[in-house]
>>> print(open('final-v2.pdb').read())   # PDB, C-alpha atoms, pLDDT in the B column
MODEL        1
ATOM      1  CA  MET A1169      23.435  23.902 -12.645  1.00 46.00           C
ATOM      2  CA  SER A1170      20.172  25.690 -13.493  1.00 47.00           C
ATOM      3  CA  LYS A1171      18.867  22.505 -15.138  1.00 49.00           C
ATOM      4  CA  LYS A1172      19.644  20.506 -12.010  1.00 48.00           C
ATOM      5  CA  LEU A1173      17.885  23.036  -9.799  1.00 46.00           C
ATOM      6  CA  SER A1174      14.833  23.043 -12.091  1.00 53.00           C
ATOM      7  CA  ILE A1175      14.542  19.281 -11.674  1.00 50.00           C
ATOM      8  CA  PHE A1176      14.519  19.593  -7.906  1.00 53.00           C
ATOM      9  CA  GLY A1177      12.080  22.479  -8.221  1.00 55.00           C
ATOM     10  CA  ARG A1178       9.593  20.273 -10.034  1.00 51.00           C
ATOM     11  CA  ILE A1179      10.040  17.583  -7.410  1.00 48.00           C
ATOM     12  CA  ALA A1180       9.429  20.140  -4.661  1.00 50.00           C
ATOM     13  CA  GLN A1181       6.167  21.129  -6.339  1.00 51.00           C
ATOM     14  CA  LEU A1182       5.153  17.484  -6.533  1.00 49.00           C
ATOM     15  CA  GLY A1183       6.040  17.051  -2.888  1.00 48.00           C
ATOM     16  CA  LYS A1184       3.848  19.995  -1.938  1.00 48.00           C
ATOM     17  CA  ALA A1185       0.852  18.687  -3.895  1.00 49.00           C
ATOM     18  CA  ASN A1186      -2.290  18.253  -1.838  1.00 49.00           C
ATOM     19  CA  VAL A1187      -2.982  14.596  -2.492  1.00 52.00           C
ATOM     20  CA  ASN A1188      -6.361  14.545  -0.771  1.00 53.00           C
ATOM     21  CA  SER A1189      -7.588  17.542  -2.744  1.00 56.00           C
ATOM     22  CA  ALA A1190      -6.381  15.957  -5.962  1.00 54.00           C
ATOM     23  CA  ILE A1191      -8.188  12.744  -5.107  1.00 53.00           C
ATOM     24  CA  ASP A1192     -11.435  14.631  -4.468  1.00 55.00           C
ATOM     25  CA  SER A1193     -11.325  16.174  -7.949  1.00 56.00           C
ATOM     26  CA  ALA A1194     -10.096  13.070  -9.766  1.00 54.00           C
ATOM     27  CA  GLU A1195     -12.476  10.801 -11.643  1.00 62.00           C
ATOM     28  CA  ASP A1196     -10.275   7.806 -10.845  1.00 72.00           C
ATOM     29  CA  PRO A1197      -8.158   8.494  -7.704  1.00 72.00           C
ATOM     30  CA  GLN A1198      -6.064   5.354  -8.141  1.00 77.00           C
ATOM     31  CA  LYS A1199      -5.062   6.292 -11.698  1.00 82.00           C
ATOM     32  CA  MET A1200      -4.227   9.809 -10.504  1.00 81.00           C
ATOM     33  CA  LEU A1201      -2.056   8.481  -7.682  1.00 81.00           C
ATOM     34  CA  ASP A1202      -0.349   6.026 -10.026  1.00 86.00           C
ATOM     35  CA  GLN A1203       0.420   8.915 -12.382  1.00 86.00           C
ATOM     36  CA  MET A1204       1.891  10.938  -9.500  1.00 85.00           C
ATOM     37  CA  VAL A1205       4.142   8.007  -8.614  1.00 87.00           C
ATOM     38  CA  ARG A1206       5.241   7.739 -12.255  1.00 89.00           C
ATOM     39  CA  ASP A1207       5.964  11.487 -12.352  1.00 89.00           C
ATOM     40  CA  PHE A1208       8.084  11.164  -9.212  1.00 85.00           C
ATOM     41  CA  THR A1209       9.889   8.153 -10.639  1.00 89.00           C
ATOM     42  CA  ASN A1210      10.640   9.904 -13.940  1.00 91.00           C
ATOM     43  CA  ASN A1211      11.885  13.044 -12.218  1.00 88.00           C
ATOM     44  CA  ILE A1212      14.048  10.997  -9.865  1.00 89.00           C
ATOM     45  CA  ALA A1213      15.574   9.186 -12.838  1.00 90.00           C
ATOM     46  CA  GLU A1214      16.313  12.554 -14.464  1.00 89.00           C
ATOM     47  CA  ALA A1215      17.749  13.883 -11.218  1.00 87.00           C
ATOM     48  CA  GLU A1216      19.929  10.786 -10.833  1.00 90.00           C
ATOM     49  CA  GLN A1217      21.402  11.451 -14.262  1.00 91.00           C
ATOM     50  CA  SER A1218      22.174  15.041 -13.291  1.00 87.00           C
ATOM     51  CA  VAL A1219      23.726  13.967  -9.994  1.00 90.00           C
ATOM     52  CA  ALA A1220      25.770  11.320 -11.785  1.00 92.00           C
ATOM     53  CA  GLN A1221      26.963  13.932 -14.280  1.00 91.00           C
ATOM     54  CA  SER A1222      27.930  16.288 -11.455  1.00 91.00           C
ATOM     55  CA  ILE A1223      29.830  13.515  -9.703  1.00 93.00           C
ATOM     56  CA  GLY A1224      31.552  12.666 -12.999  1.00 93.00           C
ATOM     57  CA  ASN A1225      32.571  16.306 -13.449  1.00 92.00           C
ATOM     58  CA  LEU A1226      33.914  16.345  -9.900  1.00 92.00           C
ATOM     59  CA  ARG A1227      35.987  13.229 -10.496  1.00 94.00           C
ATOM     60  CA  MET A1228      37.427  14.785 -13.686  1.00 94.00           C
ATOM     61  CA  LEU A1229      38.377  17.914 -11.754  1.00 93.00           C
ATOM     62  CA  GLU A1230      40.017  15.771  -9.091  1.00 94.00           C
ATOM     63  CA  ALA A1231      41.885  13.865 -11.799  1.00 95.00           C
ATOM     64  CA  ASP A1232      43.051  17.157 -13.353  1.00 94.00           C
ATOM     65  CA  HIS A1233      44.152  18.389  -9.944  1.00 95.00           C
ATOM     66  CA  LYS A1234      46.091  15.216  -9.349  1.00 95.00           C
ATOM     67  CA  ALA A1235      47.706  15.506 -12.788  1.00 95.00           C
ATOM     68  CA  ASP A1236      48.663  19.147 -12.101  1.00 95.00           C
ATOM     69  CA  LEU A1237      50.313  18.149  -8.830  1.00 95.00           C
ATOM     70  CA  GLN A1238      52.101  15.296 -10.576  1.00 96.00           C
ATOM     71  CA  ASP A1239      53.290  17.629 -13.345  1.00 95.00           C
ATOM     72  CA  ALA A1240      54.443  20.176 -10.787  1.00 95.00           C
ATOM     73  CA  ALA A1241      56.415  17.473  -8.998  1.00 95.00           C
ATOM     74  CA  ASP A1242      57.927  16.299 -12.289  1.00 96.00           C
ATOM     75  CA  TRP A1243      58.970  19.846 -13.214  1.00 96.00           C
ATOM     76  CA  GLY A1244      60.417  20.216  -9.732  1.00 93.00           C
ATOM     77  CA  ARG A1245      62.571  17.112 -10.259  1.00 95.00           C
ATOM     78  CA  LYS A1246      63.671  18.398 -13.694  1.00 94.00           C
ATOM     79  CA  ALA A1247      64.587  21.760 -12.203  1.00 93.00           C
ATOM     80  CA  LEU A1248      66.597  20.005  -9.501  1.00 95.00           C
ATOM     81  CA  ALA A1249      68.375  17.830 -12.048  1.00 94.00           C
ATOM     82  CA  ALA A1250      69.177  20.801 -14.345  1.00 93.00           C
ATOM     83  CA  SER A1251      70.438  22.864 -11.412  1.00 94.00           C
ATOM     84  CA  ALA A1252      72.656  19.988 -10.267  1.00 94.00           C
ATOM     85  CA  LYS A1253      74.051  19.578 -13.791  1.00 93.00           C
ATOM     86  CA  GLY A1254      74.758  23.311 -13.982  1.00 94.00           C
ATOM     87  CA  ASP A1255      76.635  23.125 -10.684  1.00 94.00           C
ATOM     88  CA  GLN A1256      78.762  20.304 -12.070  1.00 95.00           C
ATOM     89  CA  PHE A1257      79.721  22.343 -15.122  1.00 94.00           C
ATOM     90  CA  ARG A1258      80.400  25.373 -12.944  1.00 93.00           C
ATOM     91  CA  ALA A1259      82.644  23.303 -10.723  1.00 94.00           C
ATOM     92  CA  ALA A1260      84.472  22.108 -13.820  1.00 93.00           C
ATOM     93  CA  GLY A1261      84.979  25.699 -14.954  1.00 93.00           C
ATOM     94  CA  ASP A1262      82.497  25.420 -17.837  1.00 94.00           C
ATOM     95  CA  ALA A1263      80.524  28.611 -17.279  1.00 94.00           C
ATOM     96  CA  ALA A1264      78.638  28.408 -20.574  1.00 95.00           C
ATOM     97  CA  ASN A1265      77.133  24.985 -19.897  1.00 94.00           C
ATOM     98  CA  ALA A1266      76.581  25.928 -16.275  1.00 94.00           C
ATOM     99  CA  ALA A1267      74.492  28.936 -17.382  1.00 94.00           C
ATOM    100  CA  LYS A1268      72.673  26.777 -19.933  1.00 95.00           C
ATOM    101  CA  PHE A1269      71.536  24.232 -17.340  1.00 94.00           C
ATOM    102  CA  ASP A1270      70.692  26.936 -14.839  1.00 94.00           C
ATOM    103  CA  ASN A1271      68.376  28.428 -17.470  1.00 94.00           C
ATOM    104  CA  LEU A1272      66.811  25.001 -17.996  1.00 93.00           C
ATOM    105  CA  ALA A1273      66.275  24.756 -14.264  1.00 93.00           C
ATOM    106  CA  LYS A1274      64.571  28.157 -14.333  1.00 95.00           C
ATOM    107  CA  VAL A1275      62.282  27.046 -17.170  1.00 94.00           C
ATOM    108  CA  ALA A1276      61.393  23.887 -15.242  1.00 93.00           C
ATOM    109  CA  LEU A1277      60.680  25.940 -12.148  1.00 94.00           C
ATOM    110  CA  GLN A1278      58.405  28.232 -14.193  1.00 96.00           C
ATOM    111  CA  HIS A1279      56.463  25.183 -15.384  1.00 95.00           C
ATOM    112  CA  GLN A1280      56.304  23.911 -11.807  1.00 95.00           C
ATOM    113  CA  ILE A1281      54.922  27.211 -10.585  1.00 95.00           C
ATOM    114  CA  ARG A1282      52.303  27.261 -13.341  1.00 95.00           C
ATOM    115  CA  GLU A1283      51.187  23.712 -12.588  1.00 95.00           C
ATOM    116  CA  GLU A1284      50.994  24.461  -8.878  1.00 94.00           C
ATOM    117  CA  GLY A1285      48.894  27.580  -9.645  1.00 94.00           C
ATOM    118  CA  GLU A1286      46.517  25.527 -11.783  1.00 94.00           C
ATOM    119  CA  ALA A1287      46.284  22.944  -9.039  1.00 94.00           C
ATOM    120  CA  ARG A1288      45.406  25.630  -6.483  1.00 94.00           C
ATOM    121  CA  ALA A1289      42.768  27.075  -8.809  1.00 93.00           C
ATOM    122  CA  LEU A1290      41.236  23.638  -9.212  1.00 93.00           C
ATOM    123  CA  GLU A1291      41.123  23.158  -5.453  1.00 93.00           C
ATOM    124  CA  ALA A1292      38.626  26.009  -5.098  1.00 91.00           C
ATOM    125  CA  THR A1293      36.532  24.636  -7.977  1.00 92.00           C
ATOM    126  CA  ILE A1294      36.662  21.131  -6.504  1.00 94.00           C
ATOM    127  CA  ALA A1295      35.543  22.414  -3.104  1.00 94.00           C
ATOM    128  CA  SER A1296      32.599  24.231  -4.721  1.00 92.00           C
ATOM    129  CA  GLN A1297      31.717  21.175  -6.814  1.00 92.00           C
ATOM    130  CA  ASN A1298      31.838  18.966  -3.720  1.00 93.00           C
ATOM    131  CA  GLN A1299      29.273  21.226  -2.053  1.00 92.00           C
ATOM    132  CA  ILE A1300      27.051  21.066  -5.121  1.00 90.00           C
ATOM    133  CA  VAL A1301      27.292  17.279  -5.285  1.00 91.00           C
ATOM    134  CA  ASP A1302      26.488  16.986  -1.572  1.00 92.00           C
ATOM    135  CA  LYS A1303      23.393  19.166  -2.016  1.00 90.00           C
ATOM    136  CA  LEU A1304      22.305  17.197  -5.060  1.00 89.00           C
ATOM    137  CA  LYS A1305      22.748  13.894  -3.208  1.00 89.00           C
ATOM    138  CA  THR A1306      20.736  15.237  -0.269  1.00 90.00           C
ATOM    139  CA  GLY A1307      18.023  16.453  -2.619  1.00 89.00           C
ATOM    140  CA  LEU A1308      17.946  13.106  -4.407  1.00 89.00           C
ATOM    141  CA  ASP A1309      17.642  11.240  -1.114  1.00 91.00           C
ATOM    142  CA  SER A1310      14.781  13.557  -0.125  1.00 89.00           C
ATOM    143  CA  MET A1311      13.066  12.889  -3.450  1.00 88.00           C
ATOM    144  CA  LYS A1312      13.345   9.131  -2.936  1.00 89.00           C
ATOM    145  CA  ARG A1313      11.906   9.416   0.574  1.00 90.00           C
ATOM    146  CA  LYS A1314       9.014  11.507  -0.731  1.00 89.00           C
ATOM    147  CA  ARG A1315       8.367   8.974  -3.463  1.00 88.00           C
ATOM    148  CA  ALA A1316       8.378   6.172  -0.875  1.00 90.00           C
ATOM    149  CA  ASP A1317       5.931   8.192   1.249  1.00 89.00           C
ATOM    150  CA  LEU A1318       3.733   8.799  -1.788  1.00 85.00           C
ATOM    151  CA  VAL A1319       3.740   5.098  -2.694  1.00 88.00           C
ATOM    152  CA  ALA A1320       2.828   4.191   0.894  1.00 88.00           C
ATOM    153  CA  GLN A1321       0.085   6.840   0.924  1.00 85.00           C
ATOM    154  CA  ARG A1322      -1.149   5.640  -2.475  1.00 83.00           C
ATOM    155  CA  ASP A1323      -1.304   2.028  -1.286  1.00 86.00           C
ATOM    156  CA  GLN A1324      -3.067   3.020   1.936  1.00 86.00           C
ATOM    157  CA  LEU A1325      -5.648   5.191   0.181  1.00 81.00           C
ATOM    158  CA  VAL A1326      -6.307   2.559  -2.480  1.00 80.00           C
ATOM    159  CA  ALA A1327      -6.779  -0.068   0.237  1.00 84.00           C
ATOM    160  CA  ARG A1328      -9.159   2.247   2.099  1.00 82.00           C
ATOM    161  CA  ALA A1329     -11.089   2.920  -1.103  1.00 78.00           C
ATOM    162  CA  ARG A1330     -11.429  -0.800  -1.761  1.00 81.00           C
ATOM    163  CA  ASN A1331     -12.566  -1.440   1.806  1.00 83.00           C
ATOM    164  CA  ALA A1332     -15.107   1.375   1.569  1.00 81.00           C
ATOM    165  CA  SER A1333     -16.398  -0.029  -1.721  1.00 78.00           C
ATOM    166  CA  ALA A1334     -16.700  -3.498  -0.206  1.00 82.00           C
ATOM    167  CA  GLN A1335     -18.549  -2.097   2.816  1.00 82.00           C
ATOM    168  CA  ASN A1336     -20.936  -0.167   0.575  1.00 82.00           C
ATOM    169  CA  GLN A1337     -21.621  -3.284  -1.461  1.00 82.00           C
ATOM    170  CA  MET A1338     -22.298  -5.203   1.733  1.00 80.00           C
ATOM    171  CA  LEU A1339     -24.653  -2.481   2.986  1.00 78.00           C
ATOM    172  CA  ASP A1340     -26.476  -2.470  -0.339  1.00 75.00           C
ATOM    173  CA  SER A1341     -26.846  -6.226  -0.071  1.00 70.00           C
ATOM    174  CA  VAL A1342     -28.186  -5.893   3.463  1.00 67.00           C
ATOM    175  CA  LYS A1343     -30.674  -3.283   2.310  1.00 69.00           C
ATOM    176  CA  SER A1344     -31.894  -5.524  -0.494  1.00 63.00           C
ATOM    177  CA  ILE A1345     -32.252  -8.364   1.989  1.00 57.00           C
ATOM    178  CA  ASP A1346     -34.239  -6.117   4.328  1.00 55.00           C
ATOM    179  CA  LEU A1347     -36.645  -5.282   1.518  1.00 53.00           C
ATOM    180  CA  THR A1348     -37.446  -8.981   1.013  1.00 54.00           C
ATOM    181  CA  ASP A1349     -36.755 -10.209   4.512  1.00 56.00           C
ATOM    182  CA  PRO A1350     -37.985 -13.818   4.756  1.00 57.00           C
ATOM    183  CA  ALA A1351     -38.522 -13.282   8.482  1.00 59.00           C
ATOM    184  CA  SER A1352     -41.240 -10.752   7.719  1.00 60.00           C
ATOM    185  CA  GLU A1353     -42.916 -13.232   5.347  1.00 62.00           C
ATOM    186  CA  VAL A1354     -42.776 -15.914   8.022  1.00 66.00           C
ATOM    187  CA  GLY A1355     -44.206 -13.433  10.509  1.00 70.00           C
ATOM    188  CA  ARG A1356     -47.149 -12.702   8.245  1.00 72.00           C
ATOM    189  CA  PHE A1357     -47.733 -16.420   7.696  1.00 71.00           C
ATOM    190  CA  GLU A1358     -47.595 -17.010  11.437  1.00 75.00           C
ATOM    191  CA  GLU A1359     -50.116 -14.231  11.979  1.00 79.00           C
ATOM    192  CA  LYS A1360     -52.445 -15.836   9.437  1.00 76.00           C
ATOM    193  CA  ILE A1361     -52.166 -19.182  11.254  1.00 78.00           C
ATOM    194  CA  ARG A1362     -52.898 -17.472  14.570  1.00 77.00           C
ATOM    195  CA  ARG A1363     -56.037 -15.926  13.081  1.00 79.00           C
ATOM    196  CA  GLU A1364     -57.119 -19.351  11.829  1.00 78.00           C
ATOM    197  CA  GLU A1365     -56.401 -20.836  15.240  1.00 76.00           C
ATOM    198  CA  ALA A1366     -58.417 -18.071  16.920  1.00 78.00           C
ATOM    199  CA  ARG A1367     -61.330 -18.648  14.570  1.00 77.00           C
ATOM    200  CA  ALA A1368     -61.211 -22.383  15.251  1.00 75.00           C
ATOM    201  CA  LEU A1369     -61.027 -21.696  18.969  1.00 75.00           C
ATOM    202  CA  GLY A1370     -63.997 -19.353  18.748  1.00 71.00           C
ATOM    203  CA  ALA A1371     -65.985 -21.870  16.738  1.00 71.00           C
ATOM    204  CA  ALA A1372     -65.196 -24.584  19.238  1.00 69.00           C
ATOM    205  CA  GLU A1373     -66.254 -22.365  22.119  1.00 67.00           C
ATOM    206  CA  LEU A1374     -69.422 -21.422  20.304  1.00 67.00           C
ATOM    207  CA  ALA A1375     -70.179 -25.069  19.588  1.00 66.00           C
ATOM    208  CA  ALA A1376     -69.580 -25.957  23.207  1.00 63.00           C
ATOM    209  CA  SER A1377     -71.930 -23.195  24.325  1.00 66.00           C
ATOM    210  CA  SER A1378     -74.678 -24.437  22.001  1.00 66.00           C
ATOM    211  CA  LEU A1379     -74.233 -28.015  23.245  1.00 61.00           C
ATOM    212  CA  ASP A1380     -74.503 -26.893  26.866  1.00 66.00           C
ATOM    213  CA  SER A1381     -77.754 -25.088  26.120  1.00 67.00           C
ATOM    214  CA  GLN A1382     -79.131 -28.206  24.499  1.00 66.00           C
ATOM    215  CA  PHE A1383     -78.268 -30.291  27.540  1.00 63.00           C
ATOM    216  CA  GLU A1384     -79.856 -27.666  29.771  1.00 67.00           C
ATOM    217  CA  ALA A1385     -83.015 -27.843  27.664  1.00 66.00           C
ATOM    218  CA  LEU A1386     -83.040 -31.613  28.034  1.00 64.00           C
ATOM    219  CA  GLU A1387     -82.638 -31.265  31.775  1.00 66.00           C
ATOM    220  CA  ASP A1388     -85.540 -28.798  31.910  1.00 67.00           C
ATOM    221  CA  LEU A1389     -87.642 -31.158  29.803  1.00 63.00           C
ATOM    222  CA  GLY A1390     -86.847 -34.028  32.104  1.00 66.00           C
ATOM    223  CA  GLU A1391     -87.810 -31.999  35.134  1.00 66.00           C
ATOM    224  CA  MET A1392     -91.142 -31.038  33.556  1.00 64.00           C
ATOM    225  CA  SER A1393     -91.841 -34.678  32.686  1.00 71.00           C
ATOM    226  CA  GLU A1394     -91.278 -35.675  36.274  1.00 71.00           C
ATOM    227  CA  VAL A1395     -93.586 -32.934  37.427  1.00 66.00           C
ATOM    228  CA  GLU A1396     -96.303 -34.125  35.039  1.00 72.00           C
ATOM    229  CA  ALA A1397     -95.840 -37.691  36.209  1.00 75.00           C
ATOM    230  CA  ARG A1398     -96.106 -36.733  39.845  1.00 74.00           C
ATOM    231  CA  LEU A1399     -99.222 -34.670  39.136  1.00 70.00           C
ATOM    232  CA  ALA A1400    -100.820 -37.599  37.395  1.00 75.00           C
ATOM    233  CA  ALA A1401     -99.964 -39.812  40.330  1.00 77.00           C
ATOM    234  CA  LEU A1402    -101.566 -37.353  42.748  1.00 76.00           C
ATOM    235  CA  LYS A1403    -104.754 -37.273  40.718  1.00 73.00           C
ATOM    236  CA  ALA A1404    -104.842 -41.008  40.481  1.00 77.00           C
ATOM    237  CA  ALA A1405    -104.499 -41.278  44.217  1.00 76.00           C
ATOM    238  CA  GLN A1406    -107.365 -38.891  44.818  1.00 75.00           C
ATOM    239  CA  GLU A1407    -109.921 -40.510  42.509  1.00 68.00           C
ATOM    240  CA  PRO A1408    -111.080 -43.390  44.864  1.00 61.00           C
ATOM    241  CA  LYS A1409    -111.698 -40.929  47.654  1.00 58.00           C
ATOM    242  CA  GLN A1410    -113.936 -38.901  45.425  1.00 54.00           C
ATOM    243  CA  LEU A1411    -115.896 -41.975  44.425  1.00 53.00           C
ATOM    244  CA  ASP A1412    -116.462 -42.884  48.044  1.00 55.00           C
ATOM    245  CA  GLY A1413    -117.916 -39.492  48.878  1.00 50.00           C
TER
ENDMDL
END
>>> encode(input="final-v2.pdb", output="structure tokens")
Amino acid sequence: MSKKLSIFGRIAQLGKANVNSAIDSAEDPQKMLDQMVRDFTNNIAEAEQSVAQSIGNLRMLEADHKADLQDAADWGRKALAASAKGDQFRAAGDAANAAKFDNLAKVALQHQIREEGEARALEATIASQNQIVDKLKTGLDSMKRKRADLVAQRDQLVARARNASAQNQMLDSVKSIDLTDPASEVGRFEEKIRREEARALGAAELAASSLDSQFEALEDLGEMSEVEARLAALKAAQEPKQLDG
């Protein structure tokens, strides 16, 4: 019984283990969780053997109890038969044989009483063993539920770890993309083109300004030429009058 209880004691300690704390300190959480599942599985297998042995012992006790009751019944029938035979001899006046069979009936009754006493003693042991088996079955069921919970927790945590790893890889990829973002290169190229366009626009405006000044100079020159021509015409018109005077 102490061995059986020690098995359940180890399982209880496993059940009380702080999984999250163990994961934090483990180099490889998945391997640690897998090992915990294996430990649970091995202890459950050991516990199942102990429970099976206890059930086997119970069935043997029940078989012994049944045999004791059967033997008691058989001795009861023998005592009845011997007593009946003794009565027959007594009725026939054979006192010696009557006493002989009465003694046989007494011996049979003694055996019956002993078998009934053994059967009663076994009943108390069987009742106690039934309680033990019930507790062991309950403990085994609890162990299996805890193992199922641990497996589910293991699977969930492993899935979360994988998702977190995938997210971190994605973030690292995004960071590397940000460092060499083609959009920024395009932006710089666009800015260079805009500067070239601005320079061309400035040059064109400057050229246009120079051309305008040239045309203005031509206009001024034309105006001066007309003035000179008109002055010459005035002088030419005045010369005959001077000659006449």
>>> resolve_selection(input="final-v2.pdb", expression="the PyMOL selection byres ((chain A and resi 1314-1318) around 9)", output="PyMOL selection string")
chain A and resi 1183+1187+1201+1204-1205+1208-1209+1212+1309-1313+1319-1323
>>> resolve_selection(input="final-v2.pdb", expression="the PyMOL selection byres ((chain A and resi 1286-1292) around 12)", output="PDB file with C-alpha atoms, in the coordinates of the input")
ATOM      1  CA  LEU A1226      33.914  16.345  -9.900  1.00 92.00           C
ATOM      2  CA  ARG A1227      35.987  13.229 -10.496  1.00 94.00           C
ATOM      3  CA  MET A1228      37.427  14.785 -13.686  1.00 94.00           C
ATOM      4  CA  LEU A1229      38.377  17.914 -11.754  1.00 93.00           C
ATOM      5  CA  GLU A1230      40.017  15.771  -9.091  1.00 94.00           C
ATOM      6  CA  ALA A1231      41.885  13.865 -11.799  1.00 95.00           C
ATOM      7  CA  ASP A1232      43.051  17.157 -13.353  1.00 94.00           C
ATOM      8  CA  HIS A1233      44.152  18.389  -9.944  1.00 95.00           C
ATOM      9  CA  LYS A1234      46.091  15.216  -9.349  1.00 95.00           C
ATOM     10  CA  ALA A1235      47.706  15.506 -12.788  1.00 95.00           C
ATOM     11  CA  ASP A1236      48.663  19.147 -12.101  1.00 95.00           C
ATOM     12  CA  LEU A1237      50.313  18.149  -8.830  1.00 95.00           C
ATOM     13  CA  GLN A1238      52.101  15.296 -10.576  1.00 96.00           C
ATOM     14  CA  ASP A1239      53.290  17.629 -13.345  1.00 95.00           C
ATOM     15  CA  ALA A1240      54.443  20.176 -10.787  1.00 95.00           C
ATOM     16  CA  ALA A1241      56.415  17.473  -8.998  1.00 95.00           C
ATOM     17  CA  HIS A1279      56.463  25.183 -15.384  1.00 95.00           C
ATOM     18  CA  GLN A1280      56.304  23.911 -11.807  1.00 95.00           C
ATOM     19  CA  ILE A1281      54.922  27.211 -10.585  1.00 95.00           C
ATOM     20  CA  ARG A1282      52.303  27.261 -13.341  1.00 95.00           C
ATOM     21  CA  GLU A1283      51.187  23.712 -12.588  1.00 95.00           C
ATOM     22  CA  GLU A1284      50.994  24.461  -8.878  1.00 94.00           C
ATOM     23  CA  GLY A1285      48.894  27.580  -9.645  1.00 94.00           C
ATOM     24  CA  THR A1293      36.532  24.636  -7.977  1.00 92.00           C
ATOM     25  CA  ILE A1294      36.662  21.131  -6.504  1.00 94.00           C
ATOM     26  CA  ALA A1295      35.543  22.414  -3.104  1.00 94.00           C
ATOM     27  CA  SER A1296      32.599  24.231  -4.721  1.00 92.00           C
ATOM     28  CA  GLN A1297      31.717  21.175  -6.814  1.00 92.00           C
ATOM     29  CA  ASN A1298      31.838  18.966  -3.720  1.00 93.00           C
ATOM     30  CA  GLN A1299      29.273  21.226  -2.053  1.00 92.00           C
TER      31      GLN A1299
END
>>> atom_distance(input="final-v2.pdb", atom1="CA of Gln1337 in chain A", atom2="CA of Pro1197 in chain A")
18.9 Å
>>> atom_distance(input="final-v2.pdb", atom1="CA of Lys1253 in chain A", atom2="CA of Gln1278 in chain A")
17.9 Å
>>> atom_distance(input="final-v2.pdb", atom1="CA of Asp1202 in chain A", atom2="CA of Leu1325 in chain A")
11.5 Å
>>> residues_around(input="final-v2.pdb", residues="Phe1257 in chain A", least_positions_apart="4", cutoff="12 Å", atoms="all atoms listed in the file", output="ChimeraX atom specification")
/A:1250-1253,1261-1270
>>> closest_residue(input="final-v2.pdb", among="A:Ala1371, A:Ala1404, A:Ala1260, A:Leu1304", to="Gln1217 in chain A", atoms="all atoms listed in the file")
A:Leu1304
>>> closest_residue(input="final-v2.pdb", among="A:Gly1224, A:Ala1405, A:Val1326, A:Ala1276", to="Leu1248 in chain A", atoms="all atoms listed in the file")
A:Ala1276
>>> closest_residue(input="final-v2.pdb", among="A:Gln1198, A:Gln1203, A:Gln1406, A:Asn1271", to="Lys1246 in chain A", atoms="all atoms listed in the file")
A:Asn1271
>>> closest_residue(input="final-v2.pdb", among="A:Lys1303, A:Asn1336, A:Arg1363, A:Ala1329", to="Asp1196 in chain A", atoms="only C-alpha atoms")
A:Ala1329
